[in-house]
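Student: structure.cif (mmCIF, C-alpha atoms) pasted underneath:
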```cif
data_target
loop_
_atom_site.label_atom_id
_atom_site.label_comp_id
_atom_site.auth_asym_id
_atom_site.auth_seq_id
_atom_site.Cartn_x
_atom_site.Cartn_y
_atom_site.Cartn_z
CA MET A 1 0.00 0.00 0.00
CA ARG A 2 2.78 2.43 0.90
CA ALA A 3 4.65 1.52 -2.27
CA ARG A 4 1.54 2.25 -4.33
CA ILE A 5 1.07 5.63 -2.65
CA ALA A 6 4.75 6.44 -3.21
CA VAL A 7 4.48 5.59 -6.90
CA LEU A 8 1.30 7.65 -7.30
CA ALA A 9 2.91 10.58 -5.47
CA LEU A 10 5.96 10.39 -7.75
CA LEU A 11 3.77 10.31 -10.84
CA GLY A 12 1.78 13.26 -9.49
CA VAL A 13 4.94 15.29 -8.99
CA LEU A 14 6.08 14.46 -12.53
CA VAL A 15 2.75 15.61 -13.94
CA LEU A 16 2.89 18.82 -11.90
CA MET A 17 6.50 19.64 -12.79
CA PRO A 18 5.70 21.79 -15.86
CA TYR A 19 3.24 23.87 -13.83
CA LEU A 20 5.65 24.14 -10.89
CA TRP A 21 8.39 25.27 -13.26
CA MET A 22 6.04 27.85 -14.78
CA VAL A 23 5.19 29.26 -11.33
CA ALA A 24 8.87 29.30 -10.37
CA ALA A 25 9.86 31.02 -13.62
CA SER A 26 7.19 33.67 -13.05
CA VAL A 27 9.04 34.90 -9.94
CA LYS A 28 12.56 34.70 -11.42
CA PRO A 29 14.55 37.28 -13.37
CA VAL A 30 15.34 36.31 -16.97
CA SER A 31 19.00 35.67 -16.13
CA GLU A 32 18.03 32.81 -13.78
CA ILE A 33 15.52 31.23 -16.15
CA PHE A 34 18.16 30.48 -18.79
CA ARG A 35 20.85 29.17 -16.48
CA ALA A 36 22.35 25.78 -17.30
CA SER A 37 21.46 24.47 -13.85
CA LEU A 38 17.80 23.83 -13.08
CA SER A 39 16.55 25.27 -9.80
CA ILE A 40 12.93 25.66 -8.74
CA TRP A 41 13.62 28.09 -5.90
CA PRO A 42 14.81 31.49 -7.20
CA GLU A 43 17.93 33.15 -5.85
CA GLN A 44 16.47 36.58 -6.53
CA PHE A 45 12.73 37.15 -6.46
CA ALA A 46 11.33 39.17 -9.36
CA ALA A 47 7.65 38.48 -8.70
CA ALA A 48 6.72 42.15 -8.24
CA GLU A 49 8.46 43.10 -11.47
CA ASN A 50 7.06 40.24 -13.60
CA TYR A 51 3.49 40.34 -12.32
CA GLY A 52 3.56 44.13 -12.28
CA LYS A 53 4.36 44.18 -16.01
CA VAL A 54 1.48 41.84 -16.75
CA LEU A 55 -1.08 43.73 -14.67
CA ALA A 56 0.06 47.07 -16.08
CA ARG A 57 0.18 46.08 -19.76
CA VAL A 58 -2.43 43.34 -20.13
CA PRO A 59 -6.21 43.63 -19.53
CA VAL A 60 -6.09 40.45 -17.46
CA LEU A 61 -9.58 40.78 -16.00
CA HIS A 62 -11.04 41.40 -19.46
CA TYR A 63 -9.42 38.27 -20.88
CA LEU A 64 -10.55 36.25 -17.87
CA TRP A 65 -14.09 37.58 -18.25
CA ASN A 66 -14.08 36.59 -21.93
CA GLY A 67 -12.97 33.11 -20.88
CA VAL A 68 -15.81 32.89 -18.36
CA VAL A 69 -18.40 34.02 -20.92
CA VAL A 70 -17.17 31.70 -23.67
CA CYS A 71 -16.64 28.62 -21.48
CA GLY A 72 -19.85 29.22 -19.54
CA GLY A 73 -21.88 29.69 -22.72
CA ILE A 74 -20.43 26.58 -24.32
CA LEU A 75 -21.03 24.50 -21.18
CA LEU A 76 -24.62 25.73 -20.81
CA PHE A 77 -25.60 24.79 -24.36
CA GLN A 78 -23.71 21.50 -24.21
CA LEU A 79 -25.68 20.49 -21.12
CA LEU A 80 -28.97 21.65 -22.64
CA PHE A 81 -28.43 19.35 -25.61
CA ALA A 82 -26.46 16.49 -24.06
CA VAL A 83 -28.62 15.74 -21.01
CA PRO A 84 -31.88 15.10 -22.94
CA ALA A 85 -30.00 13.31 -25.72
CA GLY A 86 -28.16 11.08 -23.25
CA TYR A 87 -31.40 10.31 -21.42
CA ALA A 88 -33.19 9.41 -24.66
CA LEU A 89 -30.39 7.09 -25.78
CA ALA A 90 -30.19 5.42 -22.36
CA LYS A 91 -33.80 5.07 -21.24
CA LEU A 92 -36.19 5.53 -24.15
CA ARG A 93 -37.01 3.01 -26.85
CA PHE A 94 -37.47 4.45 -30.34
CA PRO A 95 -36.66 3.39 -33.92
CA GLY A 96 -33.07 4.15 -34.91
CA ARG A 97 -31.76 4.45 -31.37
CA GLY A 98 -28.79 2.20 -32.13
CA ILE A 99 -28.00 4.16 -35.29
CA ALA A 100 -28.17 7.43 -33.38
CA PHE A 101 -25.80 6.13 -30.72
CA GLY A 102 -23.48 4.86 -33.45
CA ALA A 103 -23.47 8.36 -34.96
CA VAL A 104 -22.49 9.76 -31.58
CA MET A 105 -19.62 7.29 -31.34
CA LEU A 106 -18.47 8.24 -34.83
CA GLY A 107 -18.61 11.88 -33.78
CA LEU A 108 -16.03 11.13 -31.11
CA LEU A 109 -13.58 10.19 -33.88
CA VAL A 110 -13.79 13.54 -35.70
CA PRO A 111 -10.96 15.91 -34.69
CA PRO A 112 -12.11 19.48 -33.99
CA HIS A 113 -9.75 20.78 -36.67
CA VAL A 114 -11.58 18.98 -39.49
CA PRO A 115 -14.73 21.18 -39.58
CA ALA A 116 -12.77 24.38 -38.84
CA LEU A 117 -12.67 25.62 -42.45
CA PRO A 118 -16.40 25.24 -43.25
CA LEU A 119 -17.28 26.71 -39.84
CA TYR A 120 -15.04 29.70 -40.52
CA VAL A 121 -16.61 30.22 -43.96
CA ALA A 122 -20.10 30.03 -42.43
CA ALA A 123 -19.23 32.46 -39.62
CA SER A 124 -17.63 34.86 -42.10
CA GLY A 125 -20.63 34.68 -44.44
CA MET A 126 -23.00 35.52 -41.57
CA GLY A 127 -20.80 38.34 -40.29
CA LEU A 128 -20.15 36.62 -36.96
CA LEU A 129 -16.37 36.80 -36.88
CA ASP A 130 -14.81 38.44 -33.83
CA SER A 131 -17.84 37.81 -31.63
CA TYR A 132 -18.88 35.64 -28.73
CA THR A 133 -21.27 33.80 -31.06
CA ALA A 134 -18.39 32.65 -33.28
CA LEU A 135 -16.51 31.38 -30.22
CA ILE A 136 -19.48 29.55 -28.68
CA ALA A 137 -21.74 28.28 -31.50
CA PRO A 138 -19.44 25.60 -33.05
CA PHE A 139 -19.13 23.76 -29.72
CA THR A 140 -22.71 23.80 -28.45
CA ILE A 141 -23.22 20.09 -29.25
CA SER A 142 -20.66 17.72 -27.76
CA ALA A 143 -20.58 14.06 -28.82
CA PHE A 144 -18.46 13.29 -25.77
CA ALA A 145 -21.05 14.86 -23.45
CA ILE A 146 -23.87 12.83 -25.01
CA PHE A 147 -21.82 9.65 -24.65
CA LEU A 148 -20.86 10.43 -21.04
CA PHE A 149 -24.43 11.16 -19.93
CA ARG A 150 -25.78 8.18 -21.83
CA GLN A 151 -23.39 5.92 -19.94
CA PHE A 152 -24.27 7.50 -16.60
CA PHE A 153 -28.02 7.41 -17.19
CA SER A 154 -27.84 3.74 -18.21
CA ALA A 155 -26.90 2.93 -14.60
CA LEU A 156 -29.91 4.75 -13.11
CA PRO A 157 -32.63 2.38 -11.86
CA ASP A 158 -35.71 2.21 -14.09
CA ASP A 159 -37.91 2.08 -10.98
CA LEU A 160 -37.01 5.71 -10.28
CA LEU A 161 -38.32 6.74 -13.68
CA HIS A 162 -41.44 4.58 -13.39
CA ALA A 163 -42.24 6.21 -10.05
CA ALA A 164 -41.89 9.66 -11.59
CA ARG A 165 -44.23 8.68 -14.45
CA LEU A 166 -46.79 7.34 -11.96
CA ASP A 167 -46.70 10.74 -10.28
CA GLY A 168 -47.79 12.28 -13.58
CA MET A 169 -44.45 13.71 -14.69
CA GLY A 170 -43.67 13.95 -18.38
CA GLU A 171 -40.37 12.93 -19.92
CA TRP A 172 -39.12 16.51 -20.07
CA SER A 173 -39.84 17.04 -16.37
CA ILE A 174 -38.19 13.72 -15.55
CA VAL A 175 -35.01 14.80 -17.34
CA TRP A 176 -34.56 18.07 -15.47
CA ARG A 177 -36.24 17.34 -12.13
CA VAL A 178 -35.32 13.70 -11.52
CA VAL A 179 -32.48 12.57 -13.77
CA LEU A 180 -30.23 15.65 -13.75
CA PRO A 181 -30.20 16.07 -9.94
CA ASN A 182 -28.93 12.48 -9.74
CA ALA A 183 -26.30 13.16 -12.39
CA TRP A 184 -24.40 16.02 -10.75
CA PRO A 185 -21.19 13.96 -10.41
CA ALA A 186 -21.19 13.26 -14.16
CA ALA A 187 -22.15 16.86 -14.91
CA THR A 188 -19.31 18.15 -12.74
CA ALA A 189 -16.81 15.80 -14.38
CA PHE A 190 -17.90 16.88 -17.84
CA ALA A 191 -17.91 20.55 -16.82
CA ILE A 192 -14.25 20.30 -15.84
CA PHE A 193 -13.35 18.57 -19.11
CA SER A 194 -15.26 21.16 -21.14
CA VAL A 195 -14.04 24.28 -19.34
CA VAL A 196 -10.39 23.16 -19.34
CA SER A 197 -10.55 22.29 -23.04
CA HIS A 198 -12.09 25.57 -24.18
CA TRP A 199 -10.27 27.79 -21.68
CA ASN A 200 -6.94 26.56 -23.04
CA ASP A 201 -8.06 26.43 -26.68
CA LEU A 202 -5.94 28.61 -28.94
CA PHE A 203 -6.72 27.13 -32.36
CA TRP A 204 -10.29 28.35 -32.90
CA PRO A 205 -10.00 31.77 -31.16
CA LEU A 206 -6.88 32.48 -33.22
CA ILE A 207 -8.96 31.95 -36.37
CA VAL A 208 -12.12 33.91 -35.56
CA VAL A 209 -10.93 36.62 -33.15
CA GLN A 210 -9.32 39.68 -34.70
CA GLY A 211 -8.63 41.92 -31.72
CA HIS A 212 -8.40 42.23 -27.95
CA GLU A 213 -12.12 42.80 -27.32
CA HIS A 214 -13.13 39.13 -27.57
CA ALA A 215 -9.74 37.52 -26.92
CA THR A 216 -9.78 34.48 -24.66
CA PRO A 217 -7.13 33.90 -21.94
CA ALA A 218 -4.91 31.71 -24.14
CA LEU A 219 -5.08 34.25 -26.95
CA GLY A 220 -4.36 37.04 -24.47
CA VAL A 221 -1.10 35.36 -23.47
CA LEU A 222 -0.17 35.12 -27.16
CA TYR A 223 -0.92 38.81 -27.69
CA PHE A 224 1.15 39.69 -24.65
CA ARG A 225 4.10 37.73 -25.98
CA SER A 226 4.00 39.27 -29.44
CA GLU A 227 3.23 42.85 -28.41
CA GLU A 228 4.63 43.42 -24.93
CA ALA A 229 6.77 40.65 -23.46
CA GLY A 230 8.96 39.66 -26.40
CA ASP A 231 11.73 37.56 -24.87
CA ASP A 232 10.80 38.48 -21.29
CA PHE A 233 9.93 34.92 -20.31
CA GLY A 234 9.50 35.79 -16.64
CA ALA A 235 6.63 38.12 -17.49
CA MET A 236 5.23 35.59 -19.96
CA MET A 237 5.18 32.91 -17.29
CA ALA A 238 3.49 35.35 -14.91
CA ALA A 239 0.78 35.97 -17.51
CA ALA A 240 0.35 32.22 -18.00
CA VAL A 241 0.01 31.70 -14.24
CA LEU A 242 -2.69 34.37 -13.97
CA MET A 243 -4.60 32.90 -16.91
CA THR A 244 -4.49 29.32 -15.62
CA LEU A 245 -5.02 30.06 -11.92
CA PRO A 246 -8.87 30.08 -12.17
CA LEU A 247 -8.77 26.58 -13.66
CA VAL A 248 -6.60 25.28 -10.83
CA LEU A 249 -8.87 26.80 -8.19
CA ALA A 250 -12.00 25.47 -9.90
CA PHE A 251 -10.58 21.96 -10.05
CA LEU A 252 -9.54 22.03 -6.39
CA LEU A 253 -13.05 23.07 -5.41
CA ALA A 254 -14.73 20.43 -7.59
CA GLN A 255 -12.25 17.57 -7.35
CA ARG A 256 -14.41 15.41 -5.06
CA ARG A 257 -17.38 15.45 -7.44
CA PHE A 258 -15.02 15.08 -10.41
CA VAL A 259 -13.54 11.86 -9.03
CA GLU A 260 -17.02 10.65 -8.05
CA GLY A 261 -18.31 11.33 -11.55
CA ILE A 262 -15.47 9.45 -13.21
CA ALA A 263 -15.85 6.52 -10.79
CA THR A 264 -19.62 6.20 -11.21
CA THR A 265 -19.82 6.67 -14.98
CA GLY A 266 -19.53 3.08 -16.13
CA LEU A 267 -19.37 1.48 -19.52
CA LYS A 268 -22.71 -0.26 -19.41
CA GLY A 269 -24.00 -0.99 -22.89
#
```
Mind turning this structure into structure tokens?
Tutor:
Amino acid sequence: MRARIAVLALLGVLVLMPYLWMVAASVKPVSEIFRASLSIWPEQFAAAENYGKVLARVPVLHYLWNGVVVCGGILLFQLLFAVPAGYALAKLRFPGRGIAFGAVMLGLLVPPHVPALPLYVAASGMGLLDSYTALIAPFTISAFAIFLFRQFFSALPDDLLHAARLDGMGEWSIVWRVVLPNAWPAATAFAIFSVVSHWNDLFWPLIVVQGHEHATPALGVLYFRSEEAGDDFGAMMAAAVLMTLPLVLAFLLAQRRFVEGIATTGLKG
């Protein structure tokens, strides 16, 4: 048991090393970052200088707010579509259910870069470039979310649904008033996956965003590098820390439900 914990702790430290190095570099002067010897603890603290540059030159709160709006909007629409779809595939009997689930599984195989060009052409034709709509709309339906909720709902007892129907509830009411409250662990797990993915996404915002007004956190770090920081890697790491800190805090607050959601979402057919 102790050996297993030691191995898991070592693996955890290895996974966290890039983030620890980023935090350490954010409080170091540039001369220490590029030394031949690797040291996490700085000899000379430059936190005030590095973070001061970022806060003075970058609209950090604006980028963070854009990230909240975009990730929150995407998550809201994904849940609105995925929860009823997952419930229908798991608990309802209708013609073509197997084909529909097969289409969802095929959707998991499509990389997000494949539809980027037609989506860009469509957004440009409708005049939606450089807007929240262009950042949110392409991701409102998630095949992974439908699959995840379908698997979770498959494990719910049918007696619970029969009791709700005997009480006079319709299927729509059952979804939102009975099924979803029992699916918060899965919803929390998916929320973390979704928010982390779109918060850190640089590919799509780089295509559709043309200025600072709608720039997401990842794009804001890129703008800071090209316009302000240059080769000042200490300030760049400080900007990266500020942009990723909300994700770390959110995960720490939701980690219990995240682990519970992963553990209870089985692979029942």
Student: Under the rule that all atoms listed in the file are counted, which of A:Gly102, A:Pro42, A:Gly52, A:Pro138 is the nearest residue to Pro118 in chain A?
Tutor: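 For Pro118 in chain A, the nearest of the given residues is A:Pro138.
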Student: Counting all atoms listed in the file, figure out which residue out of A:Ala134, A:Ala238, A:Leu253, A:Val104 gets nearest to Trp21 in chain A.
Tutor: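 With all atoms listed in the file as the atom set, the closest residue is A:Ala238.
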Student: Evaluate the PyMOL selection byres ((chain A and resi 215) around 9) here and jot the selected residues down as number ranges by chain.
Tutor: A: 62-63, 66-67, 130, 205-206, 209-214, 216-220, 223
Student: Could you tell me which residues the PyMOL selection byres ((chain A and resi 224) around 12) returns for this structure, as a PyMOL selection string?
Tutor: chain A and resi 53-60+63+212+215+217-223+225-233+235-240+243
Student: Find, counting only C-alpha atoms, the residue in A:Leu119, A:Ala145, A:Val30, A:Val70 that gets nearest to Asn50 in chain A.
Tutor: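 Checking each candidate against Asn50 in chain A, we get A:Val30 as the closest.
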Student: Check what the PyMOL selection byres ((chain A and resi 43) around 8) selects in the file above and give those residues as a list of chain:residue names.
Tutor: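 This file gives the following for the PyMOL selection byres ((chain A and resi 43) around 8): A:Lys28, A:Glu32, A:Trp41, A:Pro42, A:Gln44, A:Phe45.
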Student: Can you pull out every residue within 12 Å of range 109-114 of chain A, counting all atoms listed in the file, but drop anything in the same chain fewer than 6 positions away, and send it as number ranges by chain?
Tutor: A: 102-103, 120, 138-139, 142-144, 197-198, 201-204, 207
